[in-house]
Structure formats: structure tokens, C-alpha cells
>>> print(open('target-v8.txt').read())   # compact mmCIF, C-alpha atoms and all ligand atoms
# COMPACT_ATOMS: atom_id res chain seq x y z
CA MET A 5 -1.01 11.14 -23.49
CA THR A 6 -3.97 12.02 -21.27
CA ARG A 7 -4.35 10.44 -17.85
CA GLU A 8 -7.27 8.38 -19.14
CA ASP A 9 -5.11 7.08 -22.02
CA GLY A 10 -2.41 6.26 -19.47
CA ILE A 11 -4.87 4.34 -17.31
CA ASP A 12 -6.04 2.43 -20.39
CA GLU A 13 -2.43 1.59 -21.21
CA VAL A 14 -1.84 0.25 -17.70
CA ARG A 15 -5.06 -1.75 -17.90
CA ALA A 16 -3.89 -3.31 -21.16
CA ARG A 17 -0.47 -4.13 -19.69
CA LEU A 18 -2.08 -5.67 -16.61
CA SER A 19 -4.42 -7.72 -18.78
CA ASN A 20 -1.43 -9.46 -20.32
CA ALA A 21 0.73 -9.66 -17.20
CA ARG A 22 1.49 -12.86 -15.33
CA ALA A 23 3.63 -11.31 -12.62
CA VAL A 24 2.86 -7.96 -11.04
CA THR A 25 4.88 -6.23 -8.34
CA VAL A 26 3.79 -3.08 -6.53
CA LEU A 27 5.90 -0.72 -4.42
CA THR A 28 4.01 1.65 -2.15
CA GLY A 29 5.03 4.58 0.03
CA ALA A 30 3.42 7.07 2.36
CA GLY A 31 1.40 8.69 -0.47
CA ILE A 32 -0.97 5.72 -0.67
CA SER A 33 -1.96 6.24 2.96
CA ALA A 34 -2.16 10.02 2.61
CA ASP A 35 -5.72 9.71 1.36
CA SER A 36 -6.56 7.82 4.56
CA GLY A 37 -5.27 10.81 6.53
CA VAL A 38 -1.87 9.37 7.55
CA PRO A 39 0.84 12.07 7.31
CA THR A 40 3.61 11.55 4.75
CA PHE A 41 7.27 12.14 5.62
CA ARG A 42 8.49 14.70 3.14
CA GLY A 43 6.87 17.65 1.41
CA ALA A 44 4.91 20.64 2.66
CA ASP A 45 2.81 18.76 5.21
CA GLY A 46 5.24 15.91 5.86
CA LEU A 47 6.41 14.73 9.29
CA TRP A 48 10.00 15.74 8.65
CA ARG A 49 8.94 19.40 8.41
CA ASN A 50 8.32 19.49 12.12
CA PHE A 51 10.71 16.85 13.47
CA ARG A 52 14.41 16.23 13.02
CA VAL A 53 14.93 12.75 11.60
CA GLU A 54 18.15 12.18 13.45
CA GLU A 55 16.42 12.95 16.77
CA LEU A 56 13.72 10.38 16.25
CA ALA A 57 14.27 7.75 13.55
CA THR A 58 17.74 6.41 14.29
CA PRO A 59 19.09 3.85 16.77
CA GLU A 60 21.32 6.59 18.20
CA ALA A 61 18.27 8.73 18.94
CA PHE A 62 16.63 5.84 20.80
CA ALA A 63 19.81 5.16 22.79
CA ARG A 64 20.00 8.84 23.71
CA ASP A 65 16.36 9.45 24.64
CA SER A 66 14.03 6.47 24.34
CA ARG A 67 11.21 8.36 26.07
CA LEU A 68 11.20 11.11 23.43
CA VAL A 69 11.20 8.53 20.62
CA TRP A 70 8.36 6.58 22.25
CA GLU A 71 6.37 9.78 22.73
CA TRP A 72 6.68 10.45 19.00
CA TYR A 73 5.58 6.92 18.18
CA ASN A 74 2.66 7.18 20.60
CA TRP A 75 1.53 10.30 18.79
CA ARG A 76 1.78 8.55 15.43
CA ARG A 77 0.07 5.36 16.71
CA GLU A 78 -2.80 7.51 17.90
CA ILE A 79 -3.19 9.11 14.47
CA ILE A 80 -2.91 5.83 12.57
CA ALA A 81 -5.24 3.90 14.90
CA ALA A 82 -8.11 6.12 13.79
CA LYS A 83 -7.47 5.62 10.05
CA LEU A 84 -8.97 3.16 7.61
CA PRO A 85 -7.71 1.71 4.36
CA ASN A 86 -8.79 3.72 1.33
CA PRO A 87 -9.85 2.49 -2.13
CA ALA A 88 -6.24 2.21 -3.29
CA HIS A 89 -5.36 -0.20 -0.45
CA ALA A 90 -8.53 -2.14 -1.16
CA ALA A 91 -7.83 -2.32 -4.88
CA LEU A 92 -4.35 -3.76 -4.25
CA ALA A 93 -5.76 -6.32 -1.85
CA ASP A 94 -8.11 -7.39 -4.59
CA MET A 95 -5.37 -7.39 -7.20
CA GLU A 96 -3.32 -10.07 -5.46
CA ARG A 97 -5.94 -12.64 -6.38
CA ARG A 98 -5.94 -11.72 -10.03
CA PHE A 99 -2.43 -12.69 -11.03
CA ASP A 100 -0.43 -15.89 -11.02
CA ARG A 101 2.34 -14.01 -9.30
CA PHE A 102 1.81 -10.86 -7.28
CA TRP A 103 3.94 -9.18 -4.64
CA LEU A 104 3.36 -5.95 -2.73
CA ILE A 105 6.41 -4.23 -1.31
CA THR A 106 5.44 -1.50 1.10
CA GLN A 107 7.62 1.02 2.87
CA ASN A 108 4.67 1.91 5.09
CA VAL A 109 4.55 0.88 8.72
CA ASP A 110 0.89 1.75 9.28
CA GLY A 111 -0.55 -1.73 8.63
CA LEU A 112 -3.30 -0.42 6.33
CA HIS A 113 -2.43 -2.86 3.52
CA ARG A 114 -2.98 -5.80 5.84
CA GLN A 115 -6.12 -4.21 7.20
CA ALA A 116 -7.41 -3.97 3.63
CA GLY A 117 -6.76 -7.69 3.18
CA SER A 118 -3.36 -7.87 1.47
CA THR A 119 -1.44 -11.03 2.34
CA LYS A 120 1.26 -11.24 -0.33
CA LEU A 121 3.41 -8.43 0.97
CA SER A 122 6.71 -7.39 2.50
CA GLU A 123 6.58 -4.55 5.00
CA ILE A 124 10.21 -3.68 4.40
CA HIS A 125 10.42 -0.83 6.94
CA GLY A 126 8.62 -2.72 9.69
CA ASP A 127 5.31 -2.37 11.49
CA ILE A 128 4.30 0.37 13.93
CA TRP A 129 2.01 -2.12 15.70
CA LYS A 130 4.92 -4.39 16.69
CA VAL A 131 7.60 -3.91 19.32
CA ARG A 132 11.00 -5.57 19.57
CA CYS A 133 12.95 -6.26 22.75
CA THR A 134 16.30 -4.47 22.94
CA ALA A 135 17.66 -7.33 25.08
CA CYS A 136 16.25 -10.66 23.86
CA GLY A 137 15.07 -9.58 20.39
CA ARG A 138 11.53 -10.94 20.84
CA VAL A 139 9.05 -9.31 18.45
CA GLU A 140 5.44 -8.99 19.55
CA GLU A 141 2.30 -7.26 18.46
CA ASN A 142 1.29 -4.34 20.66
CA ARG A 143 -1.76 -2.19 19.87
CA GLU A 144 -1.86 -0.12 23.04
CA VAL A 145 -2.47 3.58 22.43
CA PRO A 146 -0.75 5.15 24.17
CA ILE A 147 1.83 2.56 25.03
CA PRO A 148 2.96 3.06 28.68
CA ILE A 149 6.49 4.47 28.69
CA PRO A 150 8.91 2.78 29.17
CA PRO A 151 7.32 -0.28 27.54
CA ALA A 152 8.70 -3.64 28.70
CA CYS A 153 9.23 -7.00 27.00
CA SER A 154 6.68 -9.62 28.07
CA ALA A 155 9.41 -12.28 28.12
CA CYS A 156 12.36 -10.64 29.89
CA GLY A 157 11.03 -7.30 31.16
CA LYS A 158 13.65 -5.21 29.36
CA LEU A 159 12.94 -2.14 27.22
CA VAL A 160 11.24 -2.67 23.86
CA ARG A 161 11.56 -0.43 20.80
CA PRO A 162 9.33 0.06 17.75
CA HIS A 163 9.78 -2.80 15.26
CA ILE A 164 10.71 -0.31 12.55
CA VAL A 165 13.76 0.06 10.32
CA TRP A 166 15.45 3.32 11.22
CA PHE A 167 18.09 5.13 9.19
CA GLY A 168 21.41 3.31 9.22
CA GLU A 169 19.73 -0.04 9.99
CA SER A 170 19.55 -2.96 7.62
CA LEU A 171 16.31 -4.30 6.21
CA ASP A 172 15.25 -7.84 7.10
CA PRO A 173 17.28 -9.92 4.62
CA VAL A 174 14.41 -12.34 3.93
CA GLU A 175 11.93 -9.58 3.10
CA PHE A 176 14.54 -7.70 1.14
CA GLY A 177 15.45 -10.80 -0.86
CA ARG A 178 11.79 -11.56 -1.59
CA SER A 179 11.20 -7.99 -2.71
CA GLN A 180 14.25 -7.90 -4.91
CA GLU A 181 13.23 -11.16 -6.55
CA ALA A 182 9.70 -9.83 -7.14
CA ALA A 183 11.09 -6.62 -8.65
CA GLN A 184 13.40 -8.48 -10.99
CA SER A 185 10.89 -11.02 -12.21
CA CYS A 186 7.69 -9.03 -12.83
CA ASP A 187 6.09 -8.01 -16.12
CA VAL A 188 4.53 -4.86 -14.67
CA MET A 189 5.58 -2.82 -11.65
CA LEU A 190 3.42 -0.11 -10.10
CA ILE A 191 5.19 2.46 -7.91
CA ILE A 192 2.60 4.25 -5.84
CA GLY A 193 3.00 7.31 -3.61
CA THR A 194 6.68 7.26 -2.81
CA SER A 195 9.23 10.05 -3.15
CA GLY A 196 11.81 7.45 -4.19
CA VAL A 197 14.64 8.93 -2.14
CA VAL A 198 15.12 6.29 0.54
CA TYR A 199 17.42 3.36 -0.22
CA PRO A 200 17.43 0.47 -0.76
CA ALA A 201 13.68 0.71 -1.55
CA ALA A 202 14.42 3.26 -4.26
CA MET A 203 16.36 0.60 -6.16
CA PHE A 204 13.42 -1.72 -6.81
CA ALA A 205 12.03 0.29 -9.73
CA PRO A 206 15.39 0.50 -11.57
CA PHE A 207 15.85 -3.24 -10.88
CA ALA A 208 12.48 -3.97 -12.48
CA GLN A 209 13.03 -1.68 -15.42
CA THR A 210 16.47 -3.14 -16.13
CA ALA A 211 14.99 -6.62 -16.04
CA GLY A 212 12.46 -5.59 -18.72
CA ALA A 213 9.32 -4.79 -16.69
CA PHE A 214 6.86 -2.09 -17.68
CA VAL A 215 7.22 0.35 -14.78
CA VAL A 216 4.39 2.74 -13.96
CA GLU A 217 4.48 5.52 -11.40
CA ILE A 218 1.36 6.85 -9.69
CA ASN A 219 2.06 9.95 -7.63
CA ARG A 220 0.44 13.26 -6.80
CA ASP A 221 3.70 15.11 -7.66
CA PRO A 222 6.72 14.56 -9.88
CA THR A 223 9.55 12.47 -8.36
CA PRO A 224 12.99 11.23 -9.45
CA TYR A 225 11.15 8.33 -11.14
CA THR A 226 8.96 10.51 -13.31
CA GLU A 227 11.48 10.95 -16.10
CA ILE A 228 12.78 7.40 -16.14
CA VAL A 229 9.74 5.15 -15.89
CA ALA A 230 7.71 3.94 -18.87
CA LEU A 231 4.63 5.79 -17.71
CA SER A 232 3.93 8.31 -14.96
CA LEU A 233 0.37 9.03 -13.89
CA GLN A 234 -0.05 12.17 -11.85
CA GLY A 235 -2.87 12.16 -9.32
CA ARG A 236 -4.14 10.70 -6.09
CA ALA A 237 -3.54 7.04 -5.49
CA SER A 238 -7.05 6.48 -4.14
CA GLU A 239 -8.51 7.67 -7.43
CA ILE A 240 -6.13 6.19 -9.98
CA VAL A 241 -5.46 2.74 -8.53
CA PRO A 242 -9.10 1.65 -8.24
CA GLN A 243 -9.76 3.12 -11.67
CA GLN A 244 -7.13 0.81 -13.09
CA LEU A 245 -8.79 -2.05 -11.34
CA LEU A 246 -12.36 -1.21 -12.16
CA LYS A 247 -11.52 -1.03 -15.79
CA LEU A 248 -9.32 -4.06 -15.63
CA ARG A 249 -10.05 -6.54 -18.36
CA LEU A 250 -8.56 -9.86 -17.50
CA GLY A 251 -6.88 -11.83 -20.22
CA GLU A 252 -7.51 -15.56 -20.71
CA ARG A 253 -5.09 -16.50 -17.97
CA GLY A 254 -6.53 -14.00 -15.53
CA ARG A 255 -10.05 -15.27 -16.16
CA ASP A 256 -8.94 -18.83 -15.52
CA ALA A 257 -7.27 -17.76 -12.29
CA ALA A 258 -10.39 -15.89 -11.22
CA GLN A 259 -12.57 -18.91 -11.93
CA ARG A 260 -10.22 -21.16 -9.99
CA GLY A 261 -10.74 -18.70 -7.11
CA GLY A 262 -14.14 -20.30 -6.51
CA ALA A 263 -17.67 -19.18 -5.95
CA ARG A 264 -16.89 -16.08 -3.98
CA THR A 265 -15.13 -14.59 -7.00
CA GLU A 266 -18.43 -14.68 -8.81
CA LEU A 267 -20.32 -12.66 -6.27
CA ARG A 268 -19.13 -9.33 -7.50
CA VAL A 269 -19.96 -6.41 -9.70
CA ALA A 270 -19.18 -6.63 -13.36
CA ALA A 271 -17.56 -3.43 -14.54
CA GLU A 272 -18.64 -2.93 -18.11
CA ASP A 273 -16.62 -1.25 -20.84
CA ASP A 274 -18.71 1.88 -20.60
CA GLY A 275 -18.13 2.16 -16.85
CA ASP A 276 -21.44 0.64 -15.79
CA ALA A 277 -21.45 -1.82 -12.97
CA VAL A 278 -24.02 -4.17 -11.56
CA ILE A 279 -24.39 -5.11 -7.93
CA VAL A 280 -24.36 -8.85 -7.69
CA GLY A 281 -24.17 -9.69 -4.03
CA ASP A 282 -22.21 -10.11 -0.85
CA SER A 283 -18.97 -12.01 -1.15
CA GLY A 284 -18.60 -12.95 2.49
CA ASP A 285 -14.95 -12.09 1.96
CA PRO A 286 -13.64 -9.28 4.20
CA ALA A 287 -11.10 -8.03 1.67
CA GLN A 288 -13.75 -7.79 -1.00
CA ASP A 289 -16.11 -6.08 1.35
CA VAL A 290 -13.52 -3.43 2.18
CA LEU A 291 -13.09 -2.81 -1.52
CA ALA A 292 -16.80 -2.62 -1.97
CA SER A 293 -17.52 -0.26 0.85
CA THR A 294 -14.58 2.01 0.13
CA LEU A 295 -15.42 2.24 -3.54
CA ALA A 296 -18.95 3.12 -2.64
CA GLY A 297 -17.81 5.56 0.01
CA MET A 298 -15.42 7.39 -2.26
CA GLN A 299 -18.16 8.42 -4.64
CA ARG A 300 -18.77 12.10 -4.02
CA PRO A 301 -22.44 12.73 -3.31
CA GLY A 302 -24.03 14.52 -6.21
CA ALA A 303 -21.10 13.95 -8.60
CA PRO A 304 -22.13 12.74 -12.06
CA GLY A 305 -22.70 9.03 -11.83
CA ALA A 306 -22.16 8.85 -8.07
CA LEU A 307 -23.77 6.00 -6.22
CA ALA A 308 -26.93 7.07 -4.48
CA LYS A 309 -25.84 5.48 -1.22
CA SER A 310 -23.15 3.25 0.17
CA GLU A 311 -24.01 -0.06 -1.34
CA ARG A 312 -21.82 -3.08 -0.83
CA ILE A 313 -20.51 -3.45 -4.33
CA LEU A 314 -17.91 -5.85 -5.58
CA VAL A 315 -15.79 -5.78 -8.68
CA ALA A 316 -15.73 -8.82 -10.90
CA PRO A 317 -13.86 -10.29 -13.78
CA ASP A 318 -15.78 -10.17 -17.05
CA GLY A 319 -18.99 -12.05 -17.39
CA LEU A 320 -19.28 -13.45 -13.89
CA VAL A 321 -22.62 -11.86 -13.10
CA CYS A 322 -25.16 -13.39 -10.78
CA ASP A 323 -28.38 -11.90 -9.51
CA PRO A 324 -27.95 -8.53 -11.19
CA ARG A 325 -29.62 -5.62 -9.50
CA PRO A 326 -30.00 -2.15 -11.01
CA ALA A 327 -26.97 -1.00 -12.94
CA LEU A 328 -24.85 1.70 -11.38
CA ARG A 329 -22.40 3.92 -13.12
CA LEU A 330 -19.05 3.87 -11.36
CA GLY A 331 -17.41 6.45 -13.11
C1 LIG B 1 0.75 10.98 -3.04
C2 LIG B 1 -0.38 11.36 -2.38
C3 LIG B 1 -1.56 10.81 -2.86
C4 LIG B 1 1.33 12.36 -1.37
N1 LIG B 1 -1.49 9.99 -3.90
N2 LIG B 1 0.88 10.18 -4.07
C5 LIG B 1 23.25 8.48 0.91
C6 LIG B 1 22.91 7.97 -0.32
C7 LIG B 1 22.14 6.81 -0.44
C8 LIG B 1 21.72 6.16 0.68
C9 LIG B 1 22.05 6.68 1.92
C10 LIG B 1 22.81 7.82 2.03
N3 LIG B 1 22.98 8.07 3.35
C11 LIG B 1 22.32 7.14 4.08
C12 LIG B 1 21.75 6.29 3.20
C13 LIG B 1 20.94 5.14 3.53
C14 LIG B 1 19.55 5.53 3.99
C15 LIG B 1 18.90 6.44 2.95
O1 LIG B 1 18.32 5.98 1.99
N4 LIG B 1 18.97 7.73 3.11
C16 LIG B 1 18.45 8.67 2.12
C17 LIG B 1 17.33 9.51 2.73
C18 LIG B 1 19.59 9.51 1.62
N5 LIG B 1 18.83 4.29 4.11
C19 LIG B 1 18.91 3.56 5.19
O2 LIG B 1 19.53 3.90 6.17
C20 LIG B 1 18.22 2.23 5.11
N6 LIG B 1 19.07 1.21 5.54
C21 LIG B 1 20.17 0.91 4.86
O3 LIG B 1 20.44 1.46 3.81
O4 LIG B 1 20.93 -0.06 5.42
C22 LIG B 1 22.25 -0.23 4.91
C23 LIG B 1 23.08 0.87 5.54
C24 LIG B 1 23.49 0.70 6.83
C25 LIG B 1 24.26 1.70 7.42
C26 LIG B 1 24.57 2.86 6.73
C27 LIG B 1 24.13 3.03 5.42
C28 LIG B 1 23.39 2.01 4.83
C29 LIG B 1 17.01 2.21 6.04
C30 LIG B 1 15.96 3.16 5.63
C31 LIG B 1 14.83 3.14 6.63
C32 LIG B 1 13.79 4.18 6.33
N7 LIG B 1 12.92 4.26 7.43
C33 LIG B 1 11.82 5.20 7.38
C34 LIG B 1 11.19 5.10 8.78
C35 LIG B 1 11.05 6.30 9.59
C36 LIG B 1 10.48 6.05 10.94
C37 LIG B 1 9.02 5.60 10.98
O5 LIG B 1 8.28 5.51 10.00
O6 LIG B 1 8.57 5.36 12.09
O7 LIG B 1 10.83 4.79 6.43
S1 LIG B 1 12.26 6.82 6.82
C38 LIG B 1 10.77 7.15 5.94
O8 LIG B 1 11.02 7.29 4.52
C39 LIG B 1 9.95 5.88 6.10
C40 LIG B 1 9.40 5.68 4.73
O9 LIG B 1 9.02 4.34 4.55
C41 LIG B 1 10.53 6.13 3.85
C42 LIG B 1 10.11 6.47 2.44
O10 LIG B 1 9.26 7.56 2.40
P1 LIG B 1 8.05 7.59 1.37
O11 LIG B 1 7.14 6.48 1.64
O12 LIG B 1 8.59 7.68 -0.01
O13 LIG B 1 7.29 8.92 1.80
P2 LIG B 1 7.57 10.44 1.41
O14 LIG B 1 6.87 11.30 2.40
O15 LIG B 1 8.99 10.69 1.19
O16 LIG B 1 6.86 10.60 -0.01
C43 LIG B 1 5.46 10.55 -0.15
C44 LIG B 1 5.14 10.61 -1.63
O17 LIG B 1 3.75 10.45 -1.79
C45 LIG B 1 5.51 11.94 -2.29
O18 LIG B 1 6.20 11.67 -3.49
C46 LIG B 1 4.17 12.60 -2.58
O19 LIG B 1 4.17 13.35 -3.79
C47 LIG B 1 3.28 11.40 -2.71
N8 LIG B 1 1.88 11.63 -2.37
N9 LIG B 1 0.01 12.23 -1.35
C48 LIG B 1 -0.30 9.69 -4.49
N10 LIG B 1 -2.69 11.14 -2.29
ZN ZN B 2 13.00 -9.45 25.99
>>> encode(input="target-v8.txt", output="C-alpha cells", more="lines below")
Ligand code: BJW
Ligand code: ZN
Amino acid sequence: MTREDGIDEVRARLSNARAVTVLTGAGISADSGVPTFRGADGLWRNFRVEELATPEAFARDSRLVWEWYNWRREIIAAKLPNPAHAALADMERRFDRFWLITQNVDGLHRQAGSTKLSEIHGDIWKVRCTACGRVEENREVPIPIPPACSACGKLVRPHIVWFGESLDPVEFGRSQEAAQSCDVMLIIGTSGVVYPAAMFAPFAQTAGAFVVEINRDPTPYTEIVALSLQGRASEIVPQQLLKLRLGERGRDAAQRGGARTELRVAAEDDGDAVIVGDSGDPAQDVLASTLAGMQRPGAPGALAKSERILVAPDGLVCDPRPALRLG
């Protein structure tokens, strides 16, 4: 099966799905410029995990751990969501039931507009007090070391799940439920070696879901999932969305979404799209601008300039302007 056939198959499965669950890992943010963990250019190539991402490491040398997190916060602060993040943010409005499970701590899914999500490994932009347990947002870059709790003045740590630590039971429970009750699961940009996150795909598959992997390289999932699409998340995920044909139920849901759903581009069967307006919806606008921005100048069918374009369910076209070919 070619990659295009695979994308068509996923589109067809999504068209008939009521419940969709997505699991993402560092690979989805790689196209935004955030380093992954494993592999040739991964973070673990240059740093020893046990010196940095464990509670023992923090107890031994909290300054070293905070210096590492300051370095990562500085990198992430300069990054933006890419078309894959934007496409998933859009997708949550298209299904009766949708849940995004992310292992990423970079916050880019939220920045793209996702709201139905569990950040199961925590959030690099939050700190947690080692004494009173208070969790608070902190966006300082760099964070002054040692950082102190605003309530009790004691040392705070990154609000991140390190090796040997348990996941938040509420988020874990929600994620497990979403994995076991979906019709389609997308696994995007994860090496699938860290537990318990690695269990969600087998859970879904055992419960009867159609499980699709999207990854630049082969992983332990590649041989066991129903379909594995090899390539960059920022190319494949929006392609699935752009070509998405909503079934009856999806169209109803989109129409219930209200007027702003109508102010979008209609992606036609042949790949044409029509600019129809400004949604006034930040999540949609991110999708629009990133889709426009990802078009390589001069590539066949590339947009001439960064228009604010929006992707619509079938037939909801208002104020059509000149047709553009998306792809
Ligand atoms: C692209 C792309 C593009 C690139 N497009 N794709 C032995 C057996 C089984 C389990 C264990 C064991 N020993 C210990 C454990 C448990 C341990 C574990 O799983 N270890 C394994 C590594 C062996 N797990 C835990 O400790 C967890 N807690 C737990 O189990 O509690 C119960 C318990 C308690 C006590 C003892 C034992 C159990 C907690 C795990 C927490 C993980 N935390 C981290 C945070 C690090 C710090 C930080 O971020 O600040 O989470 S580790 C790190 O790995 C991070 C990630 O979320 C996680 C997953 O990585 P991910 O996202 O898959 O990234 P990569 O880099 O691995 O892969 C990127 C992928 O993208 C690749 O496949 C590329 O091909 C692809 N890609 N560019 C598409 N453009
Ligand atoms: Zn405190």
C-alpha cells in the first residue's frame, strides 16, 4: 500500500469514527524544532537520564537538574506549534468523543488550541513545591536557581513525571478509558518504549480499535498496528485532516458547532481549497497560518503567500475567493 493509499484508508476510518484517541510523543514537536529524546539527535545522546530525569538526581543535585531544564525551557519558549499540532486541535471538534494523550511536556498542543487532552508526563511550564506540593505555572526563562515556592518559600521542582515516578492517576485513568473505548487511535511520533504510555496502543487494539502509527522511523509498533505511515507528522497529520470527509454524524456535529465552523476553507476531493474567511477562533487561525506557512515556496501547488486559510467540513462554503490548491 502506498502512503497515499494509507492516508485515504485513515481518512475513511475517521469518516466513520465516533470516538478517536490520539497518542503523541516527541516526534510531533520535532518539526517545531524541539529535540526528541532518543535517536541520533535525541537529548539522551548527550545527557545521562539517571543524572537528570529521576527524583534521585534532583535530590542529589537540584541545581544541575534545574540548569538542564532552564536550557530546555529556553529552546521550547522559542518554538511554535506546527501543522500537526494545529490539525489535532481542529480534530477535537470533529468527533463526538475525542481525547489526546500526550507524553510531551512542551505545551505546544495547548498552544495550538487543544483542550481535550492529558499531558501524562507533566508540563515544563509548571513547577511543584517539594514541601507543600503546590503546583503553579512559571514561564520564567531562565528560572532563578534555586526557585522557591510562592506559598511556603521552599524549593520547587519541574512538574514533570520522572523515571520511577507514577503518573497522575486521574490523567492515567482518563487516558486508559479513551484508549479502550475508541474506534480509531492515532499514535504519532513516539518510540513506544516508555511505560505505561506504551501500553495505550495495545489496549486500544485489543479493544477492537483501528490503530494507526505515524512516525518518521520504524518502531516496536510498526509490525503490530493495523497501519503504519512512515513520514513526518507535520506532513501526514494535516493531510489526513485536509482530505477528511466527514460522515453524516460528523457533519451534524460540525453544524452544531455554530457559525464559526462555516468560516473555513472547503477542501475538495481533488485537493482544491477555497478561502472563505476569518474564523475569529484562535485554534483555527493557528491551523490556517501553519498550513499556509508549511507550503514550500515554488513547490507545485504552493500557496502564493501566507493567507489565513481554514479547513471546513464539506459544503460549508461562504464568500469563496480564488481557489487554491493545497496539495
Ligand atoms: C518523528 C519525527 C517527525 C522524530 N515526525 N515522527 C523495564 C520495563 C518496563 C518498564 C520499566 C522498566 N524499568 C523501568 C520501567 C518504567 C519506566 C520505563 O518505561 N522505562 C523504560 C524506558 C524501560 N517508566 C516509568 O518510570 C514511568 N513511571 C512508572 O512506570 O511508574 C510506575 C513505576 C514506579 C516505580 C518503578 C517502576 C515503575 C514514568 C515514565 C516517565 C517518562 N518521563 C519522560 C520525561 C523526561 C524528562 C523531561 O521530559 O523533562 O518522558 S522520559 C521521556 O520519554 C519523556 C517522553 O515523554 C518519553 C517518551 O519519549 P517519546 O516521546 O517516545 O520520544 P522519543 O525521543 O523516544 O521518540 C521520538 C519518536 O519520534 C521516534 O520514534 C522518532 O522516529 C519519531 N520522530 N521526528 C514523526 N518529524
Ligand atoms: Zn510550598
>>> closest_residue(input="target-v8.txt", among="A:Tyr225, A:Trp103, A:Trp129, A:Tyr73", to="Glu175 of chain A", atoms="all atoms listed in the file")
A:Trp103
>>> residues_near_ligand(input="target-v8.txt", ligand="ligand ZN 2 (chain B)", cutoff="6 Å", atoms="all atoms listed in the file", output="list of chain:residue names")
A:Cys133, A:Ala135, A:Cys136, A:Gly137, A:Arg138, A:Cys153, A:Ala155, A:Cys156, A:Gly157, A:Lys158
>>> atom_distance(input="target-v8.txt", atom1="atom CA of Ile164 of chain A", atom2="atom P2 of ligand LIG 1 (chain B)")
15.8 Å
>>> residues_near_ligand(input="target-v8.txt", ligand="ligand LIG 1 (chain B)", cutoff="7 Å", atoms="all atoms listed in the file", output="mmCIF file with C-alpha atoms, in the coordinates of the input")
data_model
loop_
_atom_site.group_PDB
_atom_site.id
_atom_site.type_symbol
_atom_site.label_atom_id
_atom_site.label_comp_id
_atom_site.auth_asym_id
_atom_site.auth_seq_id
_atom_site.Cartn_x
_atom_site.Cartn_y
_atom_site.Cartn_z
ATOM 1 C CA THR A 28 4.010 1.650 -2.150
ATOM 2 C CA GLY A 29 5.030 4.580 0.030
ATOM 3 C CA ALA A 30 3.420 7.070 2.360
ATOM 4 C CA GLY A 31 1.400 8.690 -0.470
ATOM 5 C CA ILE A 32 -0.970 5.720 -0.670
ATOM 6 C CA ALA A 34 -2.160 10.020 2.610
ATOM 7 C CA ASP A 35 -5.720 9.710 1.360
ATOM 8 C CA THR A 40 3.610 11.550 4.750
ATOM 9 C CA PHE A 41 7.270 12.140 5.620
ATOM 10 C CA ARG A 42 8.490 14.700 3.140
ATOM 11 C CA GLY A 43 6.870 17.650 1.410
ATOM 12 C CA GLY A 46 5.240 15.910 5.860
ATOM 13 C CA ALA A 57 14.270 7.750 13.550
ATOM 14 C CA TYR A 73 5.580 6.920 18.180
ATOM 15 C CA GLN A 107 7.620 1.020 2.870
ATOM 16 C CA ASN A 108 4.670 1.910 5.090
ATOM 17 C CA VAL A 109 4.550 0.880 8.720
ATOM 18 C CA HIS A 125 10.420 -0.830 6.940
ATOM 19 C CA ILE A 128 4.300 0.370 13.930
ATOM 20 C CA ILE A 164 10.710 -0.310 12.550
ATOM 21 C CA VAL A 165 13.760 0.060 10.320
ATOM 22 C CA TRP A 166 15.450 3.320 11.220
ATOM 23 C CA PHE A 167 18.090 5.130 9.190
ATOM 24 C CA GLY A 168 21.410 3.310 9.220
ATOM 25 C CA GLU A 169 19.730 -0.040 9.990
ATOM 26 C CA SER A 170 19.550 -2.960 7.620
ATOM 27 C CA LEU A 171 16.310 -4.300 6.210
ATOM 28 C CA ILE A 192 2.600 4.250 -5.840
ATOM 29 C CA GLY A 193 3.000 7.310 -3.610
ATOM 30 C CA THR A 194 6.680 7.260 -2.810
ATOM 31 C CA SER A 195 9.230 10.050 -3.150
ATOM 32 C CA GLY A 196 11.810 7.450 -4.190
ATOM 33 C CA VAL A 197 14.640 8.930 -2.140
ATOM 34 C CA VAL A 198 15.120 6.290 0.540
ATOM 35 C CA TYR A 199 17.420 3.360 -0.220
ATOM 36 C CA PRO A 200 17.430 0.470 -0.760
ATOM 37 C CA ILE A 218 1.360 6.850 -9.690
ATOM 38 C CA ASN A 219 2.060 9.950 -7.630
ATOM 39 C CA ARG A 220 0.440 13.260 -6.800
ATOM 40 C CA ASP A 221 3.700 15.110 -7.660
ATOM 41 C CA PRO A 222 6.720 14.560 -9.880
ATOM 42 C CA THR A 223 9.550 12.470 -8.360
ATOM 43 C CA GLY A 235 -2.870 12.160 -9.320
ATOM 44 C CA ARG A 236 -4.140 10.700 -6.090
ATOM 45 C CA ALA A 237 -3.540 7.040 -5.490
ATOM 46 C CA SER A 238 -7.050 6.480 -4.140
#
>>> residues_near_point(input="target-v8.txt", point="(12.2, 3.7, -16.1)", cutoff="7 Å", atoms="all atoms listed in the file", output="list in words")
Pro206, Gln209, Val215, Tyr225, Ile228, Val229 and Ala230 of chain A
>>> atom_distance(input="target-v8.txt", atom1="atom CA of Leu56 of chain A", atom2="atom CA of Pro162 of chain A")
11.3 Å
